[in-house]
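Novice: Got upload_36.txt for you, compact mmCIF, C-alpha atoms:
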```
# COMPACT_ATOMS: atom_id res chain seq x y z
CA MET A 199 82.20 19.02 -16.10
CA VAL A 200 82.46 19.08 -12.30
CA ALA A 201 78.70 19.30 -11.99
CA PHE A 202 78.30 16.34 -14.37
CA ARG A 203 80.71 14.16 -12.35
CA VAL A 204 78.95 15.03 -9.08
CA SER A 205 75.63 14.09 -10.67
CA GLU A 206 77.01 10.73 -11.89
CA ARG A 207 78.43 9.91 -8.44
CA SER A 208 75.12 10.75 -6.83
CA ARG A 209 73.25 8.52 -9.27
CA ALA A 210 75.68 5.63 -8.66
CA VAL A 211 75.15 5.92 -4.92
CA HIS A 212 71.39 5.78 -5.34
CA LEU A 213 71.58 2.79 -7.72
CA THR A 214 73.72 0.73 -5.35
CA VAL A 215 71.49 -1.91 -3.72
CA GLY A 216 72.68 -4.01 -0.84
CA GLU A 217 72.42 -7.77 -0.96
CA PRO A 218 69.09 -8.92 0.50
CA SER A 219 69.38 -10.44 3.94
CA ILE A 220 66.96 -11.87 6.43
CA PRO A 221 66.61 -9.53 9.41
CA GLU A 222 68.20 -10.45 12.70
CA GLY A 223 66.14 -13.08 14.49
CA ALA A 224 64.07 -14.13 11.46
CA ALA A 225 66.58 -16.78 10.35
CA GLU A 226 66.57 -18.25 13.86
CA VAL A 227 62.77 -18.51 13.77
CA LEU A 228 62.89 -20.37 10.46
CA SER A 229 65.64 -22.73 11.60
CA VAL A 230 63.69 -24.03 14.63
CA ILE A 231 60.30 -24.69 13.03
CA GLY A 232 61.42 -28.11 11.78
CA ARG A 233 60.22 -27.69 8.18
CA ALA A 234 61.71 -27.05 4.80
CA TYR A 235 61.31 -23.40 3.88
CA VAL A 236 61.77 -21.19 0.82
CA VAL A 237 61.63 -17.39 0.64
CA LEU A 238 60.64 -16.06 -2.81
CA ASP A 239 60.92 -12.56 -4.25
CA ALA A 240 58.44 -10.69 -6.44
CA VAL A 241 59.40 -12.67 -9.57
CA ASN A 242 59.38 -16.05 -7.78
CA GLY A 243 63.15 -16.19 -7.53
CA VAL A 244 64.52 -18.11 -4.54
CA VAL A 245 66.35 -15.69 -2.26
CA ARG A 246 66.71 -18.10 0.63
CA ALA A 247 66.11 -21.84 1.16
CA ASN A 248 67.32 -24.38 3.68
CA PRO A 249 68.94 -27.73 2.74
CA SER A 250 65.67 -29.63 3.29
CA ALA A 251 64.01 -27.65 0.50
CA TYR A 252 66.72 -28.83 -1.88
CA ALA A 253 66.54 -32.39 -0.51
CA TYR A 254 62.79 -32.52 -1.10
CA GLY A 255 63.37 -31.44 -4.70
CA LEU A 256 61.31 -28.25 -4.27
CA VAL A 257 64.20 -26.00 -5.31
CA ARG A 258 66.85 -26.33 -7.98
CA GLY A 259 69.31 -23.50 -8.41
CA HIS A 260 67.33 -20.32 -7.72
CA HIS A 261 63.93 -21.53 -8.89
CA LEU A 262 61.00 -23.59 -7.68
CA VAL A 263 60.78 -26.85 -9.59
CA HIS A 264 57.07 -27.70 -9.66
CA GLU A 265 54.52 -25.77 -11.72
CA GLU A 266 51.65 -26.52 -9.33
CA VAL A 267 53.61 -24.98 -6.46
CA LEU A 268 54.34 -21.88 -8.54
CA GLU A 269 50.64 -21.55 -9.32
CA LEU A 270 49.86 -21.73 -5.60
CA VAL A 271 52.47 -19.03 -4.88
CA ASP A 272 50.96 -16.75 -7.54
CA ARG A 273 47.50 -17.21 -6.04
CA VAL A 274 48.73 -16.33 -2.56
CA ARG A 275 50.50 -13.24 -3.91
CA ALA A 276 47.36 -12.12 -5.74
CA ASP A 277 44.89 -12.80 -2.90
CA GLY A 278 47.12 -11.88 0.04
CA ILE A 279 45.98 -14.92 2.11
CA ILE A 280 47.69 -17.91 3.68
CA VAL A 281 46.94 -21.23 1.96
CA ASP A 282 47.54 -24.86 3.04
CA ARG A 283 47.65 -27.60 0.43
CA ARG A 284 48.74 -31.23 0.28
CA TYR A 285 50.59 -32.31 -2.87
CA GLU A 286 52.10 -35.48 -4.29
CA LEU A 287 55.21 -34.19 -6.05
CA PRO A 288 57.80 -36.09 -8.11
CA ARG A 289 60.94 -36.77 -6.09
CA GLY A 290 63.22 -36.07 -9.03
CA PRO A 291 63.39 -35.21 -12.72
CA VAL A 292 63.14 -38.90 -13.67
CA GLY A 293 61.38 -41.95 -12.28
CA GLN A 294 58.05 -42.48 -10.55
CA GLY A 295 59.03 -41.70 -6.95
CA VAL A 296 56.54 -39.44 -5.19
CA LEU A 297 56.99 -37.12 -2.20
CA VAL A 298 53.84 -36.34 -0.20
CA VAL A 299 54.18 -32.84 1.27
CA GLN A 300 51.93 -30.47 3.18
CA LEU A 301 52.61 -26.94 1.94
CA ARG A 302 51.81 -23.66 3.66
CA VAL A 303 52.31 -20.55 1.54
CA ALA A 304 52.08 -17.10 3.12
CA PRO A 305 52.77 -13.52 1.98
CA VAL A 306 55.67 -11.78 3.72
CA THR A 307 55.18 -8.03 3.14
CA ASP A 308 54.15 -6.93 -0.37
CA GLU A 309 57.20 -8.41 -2.06
CA TYR A 310 58.17 -11.71 -0.46
CA ILE A 311 56.43 -15.08 -0.15
CA LEU A 312 57.30 -17.72 2.44
CA LEU A 313 56.75 -21.38 1.58
CA LEU A 314 56.85 -24.05 4.31
CA ALA A 315 56.90 -27.77 3.46
CA ASP A 316 56.24 -30.69 5.81
CA ASP A 317 57.04 -34.21 4.55
CA ARG A 318 54.07 -36.56 4.99
CA SER A 319 55.54 -39.38 2.89
CA GLU A 320 56.33 -41.49 5.95
CA ILE A 321 52.66 -41.79 6.89
CA SER A 322 51.69 -42.89 3.39
CA ARG A 323 54.69 -45.20 3.23
CA THR A 324 53.77 -46.87 6.53
CA GLU A 325 50.23 -47.57 5.36
CA ALA A 326 51.47 -49.06 2.09
CA MET A 327 54.13 -51.07 3.91
CA ARG A 328 51.58 -52.63 6.26
CA HIS A 329 49.33 -53.64 3.38
CA ASP A 330 52.18 -54.99 1.23
CA PHE A 331 53.81 -56.91 4.06
CA VAL A 332 50.61 -58.81 4.88
CA ALA A 333 50.03 -59.60 1.21
CA ASN A 334 53.64 -60.71 0.67
CA VAL A 335 53.76 -62.98 3.69
CA SER A 336 50.42 -64.64 3.02
CA HIS A 337 51.24 -65.26 -0.65
CA GLU A 338 54.89 -66.25 -0.78
CA LEU A 339 55.78 -67.91 2.51
CA LYS A 340 53.21 -70.66 2.04
CA THR A 341 55.26 -72.45 -0.65
CA PRO A 342 58.55 -73.06 1.21
CA VAL A 343 56.78 -73.64 4.54
CA GLY A 344 54.50 -76.22 2.90
CA ALA A 345 57.46 -77.89 1.19
CA ILE A 346 59.38 -78.15 4.46
CA SER A 347 56.34 -79.68 6.17
CA LEU A 348 55.92 -82.29 3.42
CA LEU A 349 59.62 -83.16 3.41
CA ALA A 350 59.60 -83.59 7.18
CA GLU A 351 56.71 -86.05 6.85
CA ALA A 352 58.52 -87.87 4.02
CA ILE A 353 61.66 -88.23 6.15
CA ASP A 354 59.57 -89.61 8.98
CA ASP A 355 57.84 -92.13 6.70
CA ALA A 356 61.15 -93.22 5.13
CA ALA A 357 63.06 -93.54 8.39
CA ASP A 358 64.27 -97.05 7.44
CA ASP A 359 65.45 -96.02 3.96
CA GLU A 360 68.83 -94.32 4.40
CA GLU A 361 69.11 -93.21 0.77
CA ALA A 362 65.61 -91.66 0.77
CA VAL A 363 66.30 -89.89 4.07
CA ARG A 364 69.46 -88.34 2.64
CA ARG A 365 67.66 -87.23 -0.51
CA PHE A 366 64.79 -85.69 1.43
CA ALA A 367 67.20 -84.09 3.91
CA GLY A 368 69.07 -82.46 1.02
CA ARG A 369 65.82 -81.03 -0.35
CA LEU A 370 64.90 -79.88 3.15
CA GLY A 371 68.14 -77.96 3.37
CA VAL A 372 67.48 -76.27 0.01
CA GLU A 373 63.95 -75.25 0.99
CA SER A 374 65.18 -74.00 4.39
CA ALA A 375 67.82 -71.83 2.70
CA ARG A 376 65.20 -70.50 0.29
CA LEU A 377 62.87 -69.69 3.17
CA ALA A 378 65.68 -67.90 5.02
CA ALA A 379 66.54 -65.83 1.92
CA LEU A 380 62.88 -64.98 1.37
CA VAL A 381 62.38 -63.85 4.96
CA GLN A 382 65.57 -61.78 4.78
CA ASP A 383 64.42 -60.05 1.60
CA ILE A 384 60.98 -59.31 3.06
CA ILE A 385 62.63 -57.83 6.16
CA GLU A 386 64.97 -55.77 3.96
CA LEU A 387 62.10 -54.49 1.81
CA SER A 388 60.08 -53.56 4.91
CA ARG A 389 63.09 -51.78 6.40
CA LEU A 390 63.64 -49.79 3.22
CA GLN A 391 59.98 -48.81 3.04
CA ALA A 392 60.06 -47.59 6.63
CA LYS A 393 63.19 -45.45 6.27
CA ASP A 394 62.98 -41.80 5.26
CA THR A 395 65.70 -41.17 2.68
CA VAL A 396 65.35 -37.40 2.95
CA ARG A 397 65.90 -37.16 6.70
CA ALA A 398 68.60 -39.88 6.76
CA GLY A 399 70.27 -38.69 3.55
CA GLN A 400 73.72 -37.32 2.89
CA PRO A 401 75.98 -36.73 -0.15
CA VAL A 402 76.91 -40.11 -1.63
CA ASP A 403 79.83 -40.78 -3.98
CA LEU A 404 78.43 -43.34 -6.44
CA ASN A 405 81.92 -44.13 -7.75
CA ARG A 406 82.92 -45.42 -4.32
CA THR A 407 79.55 -47.11 -3.77
CA VAL A 408 79.83 -49.04 -7.06
CA THR A 409 83.39 -50.10 -6.24
CA GLU A 410 82.28 -51.48 -2.88
CA ALA A 411 79.23 -53.23 -4.40
CA VAL A 412 81.48 -54.92 -6.98
CA ASP A 413 83.90 -56.05 -4.25
CA ARG A 414 81.04 -57.65 -2.31
CA SER A 415 79.91 -59.58 -5.42
CA ARG A 416 83.36 -60.56 -6.66
CA LEU A 417 83.66 -63.78 -4.63
CA GLN A 418 80.42 -65.13 -6.09
CA ALA A 419 81.61 -64.17 -9.58
CA GLU A 420 85.07 -65.69 -9.21
CA ALA A 421 83.53 -69.03 -8.17
CA ARG A 422 82.08 -69.24 -11.69
CA ASN A 423 84.97 -67.52 -13.49
CA ILE A 424 82.86 -64.42 -14.24
CA ASP A 425 84.85 -61.21 -14.67
CA ILE A 426 83.27 -57.95 -13.41
CA LYS A 427 84.65 -54.93 -15.28
CA VAL A 428 84.00 -51.32 -14.21
CA ALA A 429 84.47 -48.31 -16.51
CA GLY A 430 83.80 -44.57 -16.33
CA GLN A 431 82.81 -42.37 -13.43
CA VAL A 432 80.14 -39.87 -12.37
CA ASP A 433 81.05 -36.22 -11.89
CA GLY A 434 79.17 -35.29 -8.73
CA PRO A 435 77.60 -36.86 -5.63
CA VAL A 436 73.94 -37.76 -5.28
CA TYR A 437 71.83 -37.10 -2.20
CA GLY A 438 70.53 -40.16 -0.40
CA ASP A 439 71.06 -43.01 2.00
CA PRO A 440 74.39 -44.78 1.30
CA ASP A 441 73.24 -48.13 2.71
CA GLN A 442 70.12 -48.20 0.55
CA LEU A 443 72.02 -47.26 -2.60
CA MET A 444 74.60 -49.93 -1.81
CA THR A 445 71.82 -52.51 -1.45
CA ALA A 446 70.23 -51.53 -4.77
CA LEU A 447 73.46 -51.55 -6.77
CA ARG A 448 74.65 -54.79 -5.22
CA ASN A 449 71.32 -56.45 -6.07
CA LEU A 450 71.75 -55.45 -9.72
CA ILE A 451 75.31 -56.77 -9.84
CA ASP A 452 74.36 -59.99 -8.00
CA ASN A 453 71.51 -60.55 -10.46
CA ALA A 454 73.86 -60.04 -13.41
CA VAL A 455 76.29 -62.59 -11.98
CA ARG A 456 73.55 -65.04 -11.02
CA TYR A 457 71.95 -65.14 -14.46
CA SER A 458 75.15 -65.00 -16.54
CA PRO A 459 76.77 -68.19 -17.89
CA ASP A 460 80.13 -69.29 -16.51
CA ASP A 461 83.29 -67.81 -18.06
CA THR A 462 81.57 -64.59 -19.17
CA THR A 463 81.84 -60.88 -18.29
CA VAL A 464 79.57 -58.52 -16.36
CA GLY A 465 80.07 -54.86 -17.23
CA VAL A 466 79.39 -51.90 -14.92
CA GLY A 467 79.49 -48.44 -16.52
CA LEU A 468 79.26 -45.01 -14.89
CA LYS A 469 78.78 -41.58 -16.43
CA SER A 470 77.07 -38.23 -15.90
CA VAL A 471 74.48 -37.04 -18.40
CA ARG A 472 72.88 -33.58 -18.06
CA GLY A 473 72.88 -33.49 -14.28
CA LEU A 474 72.04 -37.18 -13.86
CA ALA A 475 74.38 -39.84 -12.49
CA GLN A 476 73.98 -43.02 -14.55
CA VAL A 477 75.03 -46.55 -13.61
CA SER A 478 74.54 -49.41 -16.09
CA VAL A 479 74.96 -53.12 -15.35
CA THR A 480 75.24 -55.44 -18.37
CA ASP A 481 75.21 -59.24 -18.37
CA GLN A 482 75.52 -61.94 -21.03
CA GLY A 483 72.57 -64.00 -19.86
CA VAL A 484 69.62 -65.44 -21.75
CA GLY A 485 67.83 -62.09 -21.91
CA ILE A 486 64.28 -61.08 -21.04
CA PRO A 487 61.36 -61.24 -23.50
CA GLU A 488 59.90 -57.83 -24.34
CA ASP A 489 56.44 -58.71 -23.01
CA GLU A 490 57.96 -59.60 -19.62
CA GLN A 491 60.10 -56.49 -19.14
CA ASP A 492 57.32 -54.33 -17.66
CA ARG A 493 56.68 -56.87 -14.90
CA ILE A 494 60.13 -57.85 -13.71
CA PHE A 495 60.14 -55.11 -11.04
CA GLU A 496 56.95 -56.42 -9.42
CA ARG A 497 57.26 -58.14 -6.06
CA PHE A 498 57.85 -61.90 -6.38
CA TYR A 499 57.49 -61.89 -10.16
CA ARG A 500 59.70 -64.51 -11.81
CA ILE A 501 60.04 -65.13 -15.53
CA ASP A 502 61.19 -68.69 -14.95
CA ALA A 503 60.19 -69.90 -11.49
CA ALA A 504 62.13 -73.16 -11.82
CA ARG A 505 65.34 -71.35 -12.75
CA SER A 506 64.84 -68.84 -9.94
CA ARG A 507 64.70 -71.71 -7.46
CA GLN A 508 67.92 -73.14 -8.89
CA THR A 509 69.77 -69.81 -8.69
CA GLY A 510 68.39 -68.92 -5.26
CA GLY A 511 66.30 -65.98 -6.47
CA THR A 512 63.39 -64.81 -4.31
CA GLY A 513 61.71 -62.46 -6.77
CA LEU A 514 62.29 -59.44 -4.51
CA GLY A 515 65.71 -58.22 -5.66
CA LEU A 516 64.53 -55.98 -8.51
CA SER A 517 61.56 -54.79 -6.48
CA ILE A 518 63.99 -53.59 -3.81
CA VAL A 519 66.09 -51.87 -6.49
CA LYS A 520 63.09 -50.04 -7.93
CA HIS A 521 61.84 -48.98 -4.50
CA VAL A 522 65.24 -47.58 -3.44
CA ILE A 523 65.87 -45.72 -6.69
CA SER A 524 62.35 -44.25 -6.75
CA ASN A 525 62.77 -43.01 -3.18
CA HIS A 526 65.91 -41.19 -4.30
CA GLY A 527 64.13 -39.39 -7.13
CA GLY A 528 65.56 -41.60 -9.86
CA GLU A 529 64.54 -44.40 -12.18
CA VAL A 530 65.71 -47.87 -13.18
CA THR A 531 65.13 -49.15 -16.71
CA VAL A 532 66.00 -52.32 -18.62
CA TRP A 533 67.07 -53.11 -22.15
CA SER A 534 67.12 -56.76 -23.10
CA GLN A 535 66.75 -59.17 -25.97
CA PRO A 536 66.57 -62.98 -25.74
CA GLY A 537 70.00 -64.42 -26.40
CA ARG A 538 71.77 -61.04 -26.13
CA GLY A 539 71.73 -60.42 -22.40
CA SER A 540 70.31 -57.52 -20.40
CA THR A 541 71.35 -54.02 -19.35
CA PHE A 542 69.83 -52.41 -16.27
CA THR A 543 70.36 -48.65 -16.02
CA VAL A 544 69.95 -46.54 -12.89
CA ARG A 545 69.67 -42.77 -13.21
CA LEU A 546 69.80 -40.48 -10.16
CA PRO A 547 69.84 -36.67 -9.97
CA GLU A 548 73.23 -35.32 -8.97
CA MET A 549 73.26 -32.89 -6.07
CA ASP A 550 72.52 -29.29 -6.92
CA PRO A 551 75.65 -27.20 -6.27
CA ASP A 552 73.44 -24.63 -4.50
CA ALA A 553 72.01 -27.22 -2.07
CA GLY A 554 72.76 -26.30 1.50
CA ARG A 555 73.99 -22.81 0.58
CA HIS A 556 71.84 -19.98 1.86
CA VAL A 557 71.46 -17.40 -0.88
CA GLY A 558 70.55 -13.87 0.16
CA GLY A 559 67.41 -13.32 2.19
CA ALA A 560 64.10 -11.50 2.32
CA GLN A 561 64.03 -7.90 3.48
CA ASN A 562 61.41 -6.53 5.82
CA ALA A 563 60.28 -9.99 6.92
CA ARG A 564 59.97 -9.21 10.63
CA GLY A 565 56.66 -10.13 12.17
CA ALA A 566 55.20 -11.49 8.91
CA ILE A 567 57.35 -14.65 9.10
CA ALA A 568 56.32 -15.28 12.68
CA SER A 569 52.68 -14.78 11.68
CA ALA A 570 52.97 -17.18 8.76
CA THR A 571 54.50 -19.93 10.91
CA GLY A 572 52.04 -19.51 13.77
CA GLU A 573 49.06 -21.76 14.39
CA GLY A 574 46.62 -18.89 14.40
CA ALA A 575 47.22 -17.88 10.77
CA GLN A 576 44.32 -17.60 8.38
CA PRO A 577 43.65 -21.00 6.72
```
Produce structure tokens that represent the structure in this file.
Specialist:
Amino acid sequence: MVAFRVSERSRAVHLTVGEPSIPEGAAEVLSVIGRAYVVLDAVNGVVRANPSAYAYGLVRGHHLVHEEVLELVDRVRADGIIVDRRYELPRGPVGQGVLVVQLRVAPVTDEYILLLADDRSEISRTEAMRHDFVANVSHELKTPVGAISLLAEAIDDAADDEEAVRRFAGRLGVESARLAALVQDIIELSRLQAKDTVRAGQPVDLNRTVTEAVDRSRLQAEARNIDIKVAGQVDGPVYGDPDQLMTALRNLIDNAVRYSPDDTTVGVGLKSVRGLAQVSVTDQGVGIPEDEQDRIFERFYRIDAARSRQTGGTGLGLSIVKHVISNHGGEVTVWSQPGRGSTFTVRLPEMDPDAGRHVGGAQNARGAIASATGEGAQP
């Protein structure tokens, strides 16, 4: 019996495995290279990742998210070489937002793989922004500028007719306000396109953001006796830029108020569904025909141009909403029927509870990590 107990104790000692940890100095090397990084074990489990890797959407929990990245890791493990690839990866589990990343995958000893990610989205975003800005300005600013020019000439020609001058001056004021709103929206859209939501991001409480967005729209609603009601809440924060999310949600609420009849109600609902924070904005307006719903998020698209001029719409509000939500890895959808109003729904991934928490580390990574991050590594 004594011999048996000694044998069991010896076996227990040999089966005890310490928690993996990155060797002294290796973590410091990774922290100063300025990239997102992930260390993977032999079964592609994440043993260490920095907050940027979670922010990019590369890692969720203890696993890599994207199949194409996993395939690249398996190839590197099989061939034992360092590989560089550029990928366009989805920003989140829903929506059409894309993150352009340059990946470098390198073996670290026989067991561990190091993945480095460099965000190249800003370069692509800048190119698209330059093209879109030129197109937007040349197409949309001509109308109000031309109208102001014609009204100025009409005022000059009717200088002796006081009633005509007042009428033309009133129209001039309307067109000037429209031009100012249009320029402001173009500036806002350009600013949003130029800002990197990953680098400028932080945990955002959507419950508080919705409350503030409603408060900013309440004065406009009260002027027309429209009641804004908020119900529900989301369970966890989302990762993103609080100013951009505020702009997107306020645009949705402003639109609902703008296109709702007087003495009606605008509803704002919040809830969490399978790791997604969901915000829905419902109005009692005229509704949107089904064949128009796919186009309402396009820049400057208006279903009823005359009504948009009357309500002060520029055609950029929903485009700004879609751009912001896509950049945050989410999606915005619409349900609507003519005569029954519209419901716009925003869905954003809630923050992973493991984000920002370093889990374990790779053993025996000395030297190999420095080699993988160096410029002289094998391409």
Novice: What is the atom CA of A:Val412-atom CA of A:Glu490 distance in Å, reported with one decimal?
Specialist: 27.1 Å
Novice: Can you pull out every residue within 6 Å of stretch 451-460 of chain A, counting only C-alpha atoms, but drop anything in the same chain fewer than 4 positions away, and send it as a list in words?
Specialist: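 Listed by chain and then number, they are Arg422, Asn423, Asp481, Gln482 and Gly483 of chain A.
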Novice: What is the atom CA of A:Ala240 to atom CA of A:Gln300 distance in Å?
Specialist: 22.9 Å
Novice: Need the shell around A:Asp550: protein/DNA/RNA residues with any atom at most 9 Å away, counting all atoms listed in the file. Skip same-chain ones fewer than 6 positions apart. Format as a tab-separated table (two decimals) with C-alpha atoms, in the coordinates of the input?
Specialist:
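File written: result-v1.tsv
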```
chain	number	residue	atom	x	y	z
A	252	TYR	CA	66.72	-28.83	-1.88
A	258	ARG	CA	66.85	-26.33	-7.98
A	259	GLY	CA	69.31	-23.50	-8.41
A	436	VAL	CA	73.94	-37.76	-5.28
A	473	GLY	CA	72.88	-33.49	-14.28
```
Novice: Using only C-alpha atoms, determine which residues lie at most 7 Å from A:Pro342, disregarding the query and same-chain residues fewer than 4 positions distant; provide the list as a ChimeraX atom specification.
Specialist: /A:346,373,377
Novice: Calculate how many Å separate atom CA of A:Ala345 from atom CA of A:Glu360, rounding to one decimal.
Specialist: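 A separation of 20.2 Å between them.
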Novice: A:Ile426, A:Leu228, A:Ile518, A:Leu404: which is nearest A:Arg545, counting all atoms listed in the file?
Specialist: A:Leu404
Novice: Pick from A:Arg318, A:Arg472, A:His261, A:Arg369: nearest to A:Tyr285, with all atoms listed in the file counted?
Specialist: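 Of A:Arg318, A:Arg472, A:His261, A:Arg369, the one nearest A:Tyr285 is A:Arg318, counting all atoms listed in the file.
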Novice: Might you pull out every residue within 9 Å of A:Val271, with all atoms listed in the file counted and same-chain residues fewer than 6 positions away left off, and present them as a PyMOL selection string?
Specialist: chain A and resi 238+242+303-305+311-313
Novice: Hey, which of A:Leu297, A:Leu348, A:Leu443, A:Leu262 ends up closest to A:Gln400? Count all atoms listed in the file.
Specialist: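 Of A:Leu297, A:Leu348, A:Leu443, A:Leu262, the one nearest A:Gln400 is A:Leu443, counting all atoms listed in the file.
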Novice: Find, counting all atoms listed in the file, the residue in A:Ser534, A:Ser415, A:Gln476, A:Asn525 that gets nearest to A:Asp492.
Specialist: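 Using all atoms listed in the file, A:Asp492 sits closest to A:Ser534.
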Novice: Determine the nearest neighbour of A:Tyr235 from the options A:Leu301, A:Val263, A:Val532, A:Ala276, counting all atoms listed in the file.
Specialist: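 Of all the options, A:Leu301 lies closest to A:Tyr235.
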Novice: When distances are computed from only C-alpha atoms, which of A:Val432, A:Gly465, A:Tyr310, A:Leu450 shows the smallest separation from A:Val241?
Specialist: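 Checking each candidate against A:Val241, we get A:Tyr310 as the closest.
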Novice: Can you tell me, as a list in words, what residues are no more than 8 Å from A:Ile424 when counting only C-alpha atoms, ignoring any on the same chain fewer than 5 positions away?
Specialist: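 Residues meeting the cut-off are Ala419, Val455, Asp460, Asp461, Thr462, Thr463 and Val464 of chain A.
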Novice: Could you turn the residues from that selection into a file that holds C-alpha atoms, as a PDB file, in the frame of the given file?
Specialist:
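Contents of out_5.pdb, as written:
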```
ATOM      1  CA  ALA A 419      81.610 -64.170  -9.580  1.00  0.00           C
ATOM      2  CA  VAL A 455      76.290 -62.590 -11.980  1.00  0.00           C
ATOM      3  CA  ASP A 460      80.130 -69.290 -16.510  1.00  0.00           C
ATOM      4  CA  ASP A 461      83.290 -67.810 -18.060  1.00  0.00           C
ATOM      5  CA  THR A 462      81.570 -64.590 -19.170  1.00  0.00           C
ATOM      6  CA  THR A 463      81.840 -60.880 -18.290  1.00  0.00           C
ATOM      7  CA  VAL A 464      79.570 -58.520 -16.360  1.00  0.00           C
TER       8      VAL A 464
END
```
Novice: For stretch 525-531 of chain A, where the input has fewer atoms than it should, I would like all heavy atoms rebuilt and written as a CSV table (one decimal), in the frame of the given file.
Specialist:
```csv
chain,number,residue,atom,x,y,z
A,525,ASN,N,62.7,-43.8,-4.4
A,525,ASN,CA,62.8,-43.0,-3.2
A,525,ASN,C,63.9,-42.0,-3.3
A,525,ASN,O,63.9,-41.0,-2.5
A,525,ASN,CB,63.0,-43.9,-1.9
A,525,ASN,CG,61.7,-44.4,-1.4
A,525,ASN,OD1,60.6,-44.1,-1.9
A,525,ASN,ND2,61.8,-45.1,-0.3
A,526,HIS,N,64.8,-42.2,-4.1
A,526,HIS,CA,65.9,-41.2,-4.3
A,526,HIS,C,65.7,-40.3,-5.5
A,526,HIS,O,66.6,-39.6,-6.0
A,526,HIS,CB,67.3,-41.9,-4.4
A,526,HIS,CG,67.8,-42.5,-3.2
A,526,HIS,ND1,67.3,-43.6,-2.6
A,526,HIS,CD2,68.8,-42.0,-2.3
A,526,HIS,CE1,67.9,-43.9,-1.5
A,526,HIS,NE2,68.8,-42.9,-1.3
A,527,GLY,N,64.4,-40.3,-6.0
A,527,GLY,CA,64.1,-39.4,-7.1
A,527,GLY,C,64.7,-39.8,-8.5
A,527,GLY,O,64.8,-39.0,-9.4
A,528,GLY,N,65.0,-41.1,-8.6
A,528,GLY,CA,65.6,-41.6,-9.9
A,528,GLY,C,64.7,-42.6,-10.5
A,528,GLY,O,63.5,-42.8,-10.2
A,529,GLU,N,65.3,-43.4,-11.5
A,529,GLU,CA,64.5,-44.4,-12.2
A,529,GLU,C,65.5,-45.5,-12.5
A,529,GLU,O,66.7,-45.3,-12.6
A,529,GLU,CB,63.9,-43.9,-13.5
A,529,GLU,CG,64.9,-43.5,-14.5
A,529,GLU,CD,64.2,-43.1,-15.8
A,529,GLU,OE1,63.0,-43.2,-15.9
A,529,GLU,OE2,64.9,-42.6,-16.8
A,530,VAL,N,64.9,-46.7,-12.7
A,530,VAL,CA,65.7,-47.9,-13.2
A,530,VAL,C,65.0,-48.4,-14.4
A,530,VAL,O,63.8,-48.6,-14.4
A,530,VAL,CB,65.9,-48.9,-12.1
A,530,VAL,CG1,64.6,-49.4,-11.5
A,530,VAL,CG2,66.7,-50.1,-12.6
A,531,THR,N,65.7,-48.6,-15.5
A,531,THR,CA,65.1,-49.2,-16.7
A,531,THR,C,65.9,-50.4,-17.2
A,531,THR,O,67.0,-50.6,-16.7
A,531,THR,CB,65.2,-48.1,-17.8
A,531,THR,OG1,66.5,-47.6,-18.0
A,531,THR,CG2,64.3,-46.9,-17.4
```
